[in-house]
Structures are given as C-alpha cells and as structure tokens.
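Step one of this worksheet: look at the structure below.
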Amino acid sequence: MIIHPFLSYLLKIKNMFKKNTARFIIVFVLAITGWLGYHASQSSFDYAFEKFFPIGNTETKSFETFRNTFENDYDFLLIALENHEGIFNSRFLLKVDSFAKDVIQLSYIKKVTAPTDLKIPIMVGMGMQYRSVLHPNNDSLLKKDIERIYQSKEFIGSFFSADSSSLCIIIQTDEKLSKKKSDKLIDEIENLISSYQFDKYYLAGKIKAQQIYLNKMQEEIIFFLFTSLILVLLMLIYLFRSLRHVVIPIIVILFSIIWQLGIMQLTGKKIDLLHILLPTILFVVGMSDVVHIMNKYQEELRKGISQISAIQNALRNVGLATLITSATTAIGFISLITSPILPVREFGLYTAMGVMIAFFITLLLLPSFIVLSSNKAQSKDNKHLDRFLKKLFIFSLRYQKWLILGSFIILAIGIAGSTQVKINIHLLEDLKESEPLKKEFKYFEQNYAGIRPFEMVANSKDSTSDLWNVKSIRFLLMVEEIAIRHFELGSVQSPLIFIRFFNRAIHAGSNKYYTIPSSNQELDSLLLKMRNSGFFPSDESKLYLTEDYSKARFSAKMHDIGSYRAQHIEETFMHELSQIENDSHIKIELTGSARLIDKNISYLSSSIIKGLGLAFLVIAILFGLIFQSFKMIGVALIPNIFPLIITSGMMGFMSMDLRVVTSIIFTIGFGIAVDDTIHLLSRYRIELSKGGSELYALKRAYLSSGKAILITSFIICSGFISMMLSGFLSIMQIGLLVTVLLLSAVLFDLLLLPSLILLTRKRHGKSNIK
C-alpha cells in the first residue's frame, strides 16, 4: 500500500500521539488562529465594477484609451422626480432647480444637469446668447416651452419621460469612489430628497447599486455560514450521536475559515460577490475530510482497540484518500485561473488555498483532540444506513445493464438540454424582481431611454486627415443613424450635436433647423462660421471630440437588452457599416463598460472548456499515478462526467443563462464530485491488498466508504442548499445547480461505478488496480 511520505512520517512519530505533543499542537494552532482571527475581523467588502473587465485583451485596452481620452461612462446617477400636479408645474420646477443647486454643493459631485439648467444657443447679432429651455416663473412662456420640448424630442428620454409623468436629473460623480465615499454621497442625496418632500422619486446609478450589493453581501456571508452550521450540526448529530464528536469537527473547520479569511486580509484581498461563498464552501468541503477520518476512527473503535491505535489506523486507511480528495478539490478551484476575469481567478486561488489549509488543520487538530479525550466516547453504529447501502449495492449488481443503459439515456437528454444554454447577462440581473433597486432601474428602462451606456468611437485612420470636414461628417451622420436604428438609442451626444445646436442658433432658435444641412456647401459654410464665432470648439465639445479632431465620441443610453441580443445586434450593425466604410479613412469602434462586460461573457465558453480541460488532465494524471492503470482513469472519470452534462442540460431546459458567477459551477463541482470516487476506489484497493476476492473487496469498500460518502455529500449539499435562499440570483442558481451536480455524482458513484469496475474485471480477468 502506497502512503504519502508526509502521512507515513506522522504515523511513525510516536510523540505525535502523546498528550504533551497534542497540547502543544493545540496551543500552537490556537495562537495562529488568534493572530489570523484578529486580521480576519478587519476584513472589508468590495464591489469594484472595473475588476470584472477581462484582463489584458484588446477590448479592455481600447476602453482604457477611451476613458483616458474622454471620461468614464458609468460614473453617473439618475434621479427621476414625479409630481402629482404635473412636472411642468411652476412651484415644482422651482423646487427641482433649488434641489439641483443643493446637490452640486455636495462632496464628490462633478456636474449636475437638471431640466431647469437646460439652455439652447441663439445667435443675436455677432454674439451667442443662451436661452433657457424652461421658464418656470412665466406661465405663458412655460406653455410654449412644453410644446417645443415635445415637438423637437431632443430632451425626451433623457430629461423628460415620454408620457410627461416625471423629469430626470443627471448627476456626474467623481471617478472610482470608495465604498465609504459612495455610501456617504448616496445617504446625503437621499436625505436631501427627503427634505424637499417630492411626491415620488427614483434613484439609479453605479454607486447606488454598489451600496445595495455590498450591504447584501455583508448580510449573506453571515447568513450562509450560520445556516450551513445548523444543517451540518444536524447531520453530524445523526451520524455520530455524540456531542464531543460533533463539536470537534465544527471547531476544526471554523479554525480553517478563520485562517483563510485572515490570510486574505493580510494579502490585501477584499471580500467580493464571489468570495461571500468562500466560508460556506470551506465549511462544507473541509467537513468532508473530518467526517471520513472520524467515520473510520469510529469503525476502528468498535473493534475494541485503543484510541491511539484507532486514529492511527484511520489516518493510515483514509489519510491518503483524504489528501488526494483535498488536492482534486483544490485543482478544481485552481483551474479557474483560465478565466479572463480577475475576481474569478482570485476566487479559485484563495478557495484552493483554503481547502488545503482545512486539510492541514484537520491533520493536526483532529488527532490532538482525540488523544486528549478522557475516554473512547464511541458513537453508536447507524444500522439504518448500513441496511440501505446493502440493498443499494445488491441493486447495482442485479441491474448492471439497465443502469448503464439508463445512464446513457440520461446523458443523451443532458446533451440535448445543454445545446439550449445561452451565454447572457443583464445589468442588475442578480437582484430579484421584488428588490426596490431593481424596480427603480426598471422604471428608467420603461420611462426613459434606459440605463445601459452605449459608447462608440470614430478614429481617423490617416494622420493627414481629421474628422471635422464635410466628407467625414456625412459619414459620421450615417453611422449615427445606423446605430440609432439598430440599438434603438435615445438622444445621442456626439460632435454632430454641436452642428445642430449652431444651425438652430443662427436661425433664431427654430427647432426646424435642429439638423445638419443636406447641402455640402451649406455644411462647409456652417463649419467655418462655427470656428470663427468661437462657439466651437469648447470645453464641453472636448468630451466628444479631441483637440486634433482625430477621435469622435458617440454616447447614448439604451435599454438593457442583454449581452446575447446585444452581440447579435452588434454583428448586424458592423456588417452594415462595412458596406459603407470601405472608401472611408474612418474606423468605427464600439466600446464602453457595458460592452466590456458583454465581452467577458462571450469568453466564458472557452474559459470553461480550458478550466475543465485542465482539471480533467491533472486529475487523470493523479488517478494514473495512484491506481497505476490507464483503464481505471476512464472508470474513475466517467461517473463524474455524466453529472456535468446533466447539470448543463438542466440549465438549458430551465432556461438558465450562463453568467460570470454561475460559470464556476462546472470546474468546482467536478473537483468536489470526484472526491467520492477517489474514496471508494482507494478503499477498494486497500480491501484487495488484504487478499480477498474482488467482489468481496468491492462490497467491503462500498459499505465502508459508502456511509461516509453519503454523509459528506449531504453535508456539502446542505451548504449549497443554504445558498438557494440568497437574494442574489446567481448565488441562488449556484446553490441549486451544484446541489444537483453533487447528488447526481453520488448516484452515479453508488450505482454506476460498481458496474464499471466489474465490467473491467470481467474483460481482463482481474482487477486493474494495483
């Protein structure tokens, strides 16, 4: 029998199992736990939007260039205000104007634009004057204002709802505000709104979403851990029926969680949306190590031997398997480094580290606690579970062919469902429809142009040509019209808007001239007048056109149509654009934060395949080294491939879209699911080494490991089941899908794996496990 050198070394050290050594180990671990516990208590939460951008690819670099050239497209807040007497009521408009002036006085505010701030330029003589769009102090002018606003539609969907039920204030905040500053700003704005006693308001924006997300994350990390603790306690009580053997595993795993959170804090890692899963995953996965060792320890105690001998035998028999399962689980998480998304990579690395820390602490503390126990405290054997496993084993032997046939039928159904899985994401998709923030965002979707930023950049390919000439402007106008038609954009802010402004200004502010002249001669003359008048360029125009006229920005809001539909629209848009772009010196590029997130999603398929491929390869090599048989690699992997396809099929049939967060379920699910196979095959190999028949060895392995496999699987599933109560949709789906994956993996291990082992034995006349 091959035992890991480290485990062999521990078993040979007699002092390892003496009380003084056990006390020293416990004090040592307690000291480190106290130190790391202090740091863990300093943990903070993070929901940095930018960290979910793909790392190092061309789209991210293009967006960074765009942001450095112009500005961020997501540092804004929208406030929609309703008034029972109508939004064009003079008192209400004056109140809105006063409110906007108070908001601009707050910290971290760059710019506030309220409907009462809107002005349009009008040429008077040789100078430019600016006329207010609204005149709240003059009722007769106000009536004309309303007609002009809804006649030109220039501000509809951005500052006024189409049904005139509300108006909107647009606030631009400082970039990259910390959580503390963001929370302070949101609280001050909401307090200010309350003081003005508006009839109804809606507030949406990145920092508002960030506040809600982080607050929910703080609540849920405690909720998940507490719920998992209760469920695991019930499982342990059912399994061991001894208070001591329930408390010891809980202490061991809680120490592991404290260590991991402390290490995260020391390395500067904050807790984000993915990492709120980490304590729960470590709790239930780490408990698997403890349960397998404790279960074998109890078996040895029932033979009437001493506690020291019992724990030594337990480590000798299941220690290697436990080490290997910890390693395979860690491999499943480490494979997430293939993701282009930084939080997913970090989640994989830190969780893998936590799994190995849990194994290390289990190996140190569990024997030490047992050595210091005053008596054997033997738990009662669970006869019900034994009888159930015996019946299940007989069933798996009696119906081998039917089970294999049924497995492949289920596999075919799973493949059919998998073909229906879509990679898709929406803004705020993680929040349930009942969440107030989701309702507020929906309001802007339904009553305004939307909340999803649309950004497009036109670049001059030729350094000798710029974008501010008749030919270029005609081309940009066509591009803008195609973009509006395809993406159903609201009001587009671009350099072209300044031409429209100026054309209207020289025609006494008539909305009829809020357009770009159709005649090239007129347009050329207009461009010359704009430069000579000093109207253009201006500080505001620099947000849409660079000083050298080589880059132009087109910015708008659109409805949150989802990444799947947006990708198809983009392909159609770019195809139509290619038909007119061939002779132009201008290159059109779509960019922006929303598109960058879409691109993240488009990389998921290749990322999942790479991650699973890496996990399969490493675990297959591990199986080959352990069992010294290529054929057993297939026997071991088949029962763990089927659950992946079944889970994918379930997603397809239930119309669950694949998202950034839910993409991790396959790699981590595989890493956890394969543990049961390892325990059963390792136990089978040990039984074979005792000289019994192969069928008898399989039966002994099945009944011995099967009990721990069932209990640990239920414990792990209980942790993921608690996630189904999450307020985040993705976390809830992870809980459901991983539970389905792990339960189906247990069924395939207990029903299909024995048949595969026996089939291999029949074909080759002897076992393939050495």
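Starting from 1 in every chain, residues are counted up; chains themselves are A, B, ... following the order of the structure tokens, and ligands are numbered from 1 as listed.
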**Message:** I want to know what sits within 10 Å of region 593-596 of chain A, based on only C-alpha atoms, with residues of the same chain fewer than 4 positions away left out; could you give that as a list in words?
**Reply:** Phe49, Glu50, Phe52, Phe53, Pro54, Glu59, Thr60, Ser62, Phe63, Glu64, Arg67, Asn72, Asp73, Tyr74, His426, Leu427, Arg452, Pro453, Phe454, Glu455, Asp560, Gly562, Ser563, Ala566, Gln567, Glu570, Asn600, Ile601 and Ser602 of chain A
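Checking A:Phe502, A:Tyr514, A:Phe198, A:Phe554 one by one against Glu480 (chain A), counting only C-alpha atoms, you find the shortest gap at A:Phe554.
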**Item:** Neighbour list for Gln733 (chain A) as number ranges by chain, cut-off 8 Å, only C-alpha atoms, skip fewer than 4 positions in-chain
**Value:** A: 662, 724, 729, 737
Go ahead and save the residues from that selection, with all heavy atoms, as a CSV table (one decimal), in the first residue's frame.
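Once everything was written out, this is result_16.csv:
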chain,number,residue,atom,x,y,z
A,662,THR,N,-22.2,32.0,-12.4
A,662,THR,CA,-22.6,30.6,-12.5
A,662,THR,C,-21.6,29.8,-13.3
A,662,THR,O,-21.7,28.6,-13.3
A,662,THR,CB,-24.0,30.5,-13.1
A,662,THR,OG1,-24.1,31.3,-14.3
A,662,THR,CG2,-25.0,31.1,-12.1
A,724,MET,N,-29.4,28.7,-1.8
A,724,MET,CA,-30.6,28.9,-2.6
A,724,MET,C,-31.5,29.9,-1.9
A,724,MET,O,-32.5,30.3,-2.6
A,724,MET,CB,-31.3,27.5,-2.7
A,724,MET,CG,-30.6,26.5,-3.6
A,724,MET,SD,-31.2,24.8,-3.5
A,724,MET,CE,-32.8,25.1,-4.2
A,729,LEU,N,-29.5,36.3,-7.5
A,729,LEU,CA,-30.0,35.2,-8.4
A,729,LEU,C,-28.9,34.3,-8.8
A,729,LEU,O,-29.1,33.0,-8.7
A,729,LEU,CB,-30.6,35.8,-9.7
A,729,LEU,CG,-31.1,34.9,-10.7
A,729,LEU,CD1,-32.3,34.0,-10.2
A,729,LEU,CD2,-31.6,35.6,-12.0
A,737,LEU,N,-27.7,24.4,-8.7
A,737,LEU,CA,-27.0,23.6,-9.7
A,737,LEU,C,-25.9,22.7,-9.1
A,737,LEU,O,-25.7,21.6,-9.5
A,737,LEU,CB,-26.4,24.5,-10.8
A,737,LEU,CG,-27.5,25.3,-11.6
A,737,LEU,CD1,-26.8,26.3,-12.5
A,737,LEU,CD2,-28.3,24.3,-12.5
**Message:** Quick check for you: according to DSSP on this backbone, which residues of region 586-651 of chain A are classed as strand (DSSP E)? Reply as a PyMOL selection string.
**Reply:** chain A and resi 586-591
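The shell of residues at most 8 Å from His679 (chain A), with only C-alpha atoms counted and near chain neighbours (fewer than 5 positions) removed, consists of Val318, Ala321, Thr322, Thr325, Ser705 and Ile709 of chain A.
One finds CA of Leu366 (chain A) at 12.9 Å from CA of Thr21 (chain A).
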**Prompt:** Running DSSP on the backbone, which parts of region 377-524 of chain A land in alpha helix (DSSP H), as an NGL selection string?
**Reply:** :A and (383-398 or 400-418 or 436-447 or 470-487 or 496-505 or 520-524)
**Message:** Which residues are near Ala330 (chain A)? Cut-off 10 Å, only C-alpha atoms, ignore same chain within fewer than 6 positions. Put them as a ChimeraX atom specification.
**Reply:** /A:324,348-356,615,668,671-672
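Among the candidate residues A:Leu78, A:Lys51, A:Arg23, A:Pro340, the one lying nearest to Glu440 (chain A) is A:Leu78, with distances computed using only C-alpha atoms.
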**Asked** Which residues come within 10 Å of Asn520 (chain A), counting only C-alpha atoms, excluding same-chain residues fewer than 3 positions away, as an NGL selection string?
**Response** :A and (469-471 or 473-474 or 516-517 or 523-526)
Output the selection as a tab-separated table (two decimals), in the first residue's frame - N, CA and C atoms for each residue.
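Full text of result_19.tsv as output:
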chain	number	residue	atom	x	y	z
A	469	ASN	N	-14.57	67.66	-41.27
A	469	ASN	CA	-14.73	68.14	-42.63
A	469	ASN	C	-16.03	67.56	-43.18
A	470	VAL	N	-16.48	68.07	-44.30
A	470	VAL	CA	-17.79	67.70	-44.84
A	470	VAL	C	-17.91	66.21	-45.09
A	471	LYS	N	-16.89	65.63	-45.75
A	471	LYS	CA	-16.97	64.21	-46.09
A	471	LYS	C	-17.04	63.34	-44.83
A	473	ILE	N	-18.04	64.21	-41.80
A	473	ILE	CA	-19.28	64.45	-41.06
A	473	ILE	C	-20.44	63.72	-41.71
A	474	ARG	N	-20.46	63.68	-43.05
A	474	ARG	CA	-21.52	62.92	-43.74
A	474	ARG	C	-21.44	61.44	-43.35
A	516	ILE	N	-28.59	68.78	-39.49
A	516	ILE	CA	-27.36	69.04	-40.22
A	516	ILE	C	-27.74	69.35	-41.67
A	517	PRO	N	-27.28	70.46	-42.22
A	517	PRO	CA	-27.67	70.85	-43.59
A	517	PRO	C	-27.43	69.72	-44.60
A	523	LEU	N	-23.11	73.02	-45.37
A	523	LEU	CA	-22.42	72.42	-44.22
A	523	LEU	C	-21.01	72.97	-44.09
A	524	ASP	N	-20.30	73.09	-45.20
A	524	ASP	CA	-18.94	73.62	-45.18
A	524	ASP	C	-18.93	75.05	-44.65
A	525	SER	N	-19.92	75.84	-45.09
A	525	SER	CA	-20.03	77.22	-44.63
A	525	SER	C	-20.35	77.28	-43.14
A	526	LEU	N	-21.19	76.36	-42.71
A	526	LEU	CA	-21.59	76.31	-41.29
A	526	LEU	C	-20.39	75.96	-40.41
**Request:** Show which residues sit within 12 Å of Leu385 (chain A), as a list in words. Count only C-alpha atoms, and ignore same-chain residues fewer than 4 positions away.
**Result:**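 Listed by chain and then number, they are Tyr238, Leu239, Asp381, Leu389, Lys390, Lys391, Leu392, Leu703, Ser704, Ser705, Gly706, Lys707, Ala708, Ile709, Leu710 and Ile711 of chain A.
Each of A:Lys61, A:Lys438, A:Arg241, A:Lys401 was checked against Lys208 (chain A) using only C-alpha atoms; the smallest atom-to-atom distance is that of A:Lys438.
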**Asked** Using only C-alpha atoms, which residue out of A:Met558, A:Leu756, A:Leu489, A:Ser335 lies closest to Leu617 (chain A)?
**Response**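 Nearest to Leu617 (chain A): A:Ser335.
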**Prompt:** In Å, with one decimal, what is the gap from CA of Ile451 (chain A) to CA of Leu428 (chain A)?
**Reply:** 10.8 Å
**Asked** How many Å separate CA of Phe45 (chain A) from CA of Gln172 (chain A)?
**Response**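 Rounded to one decimal, the two atoms are 24.2 Å apart.
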**Prompt:** Which of these residues is nearest to Thr546 (chain A), using only C-alpha atoms: A:Asn68, A:Leu405, A:Gly719, A:Phe159?
**Reply:** A:Asn68
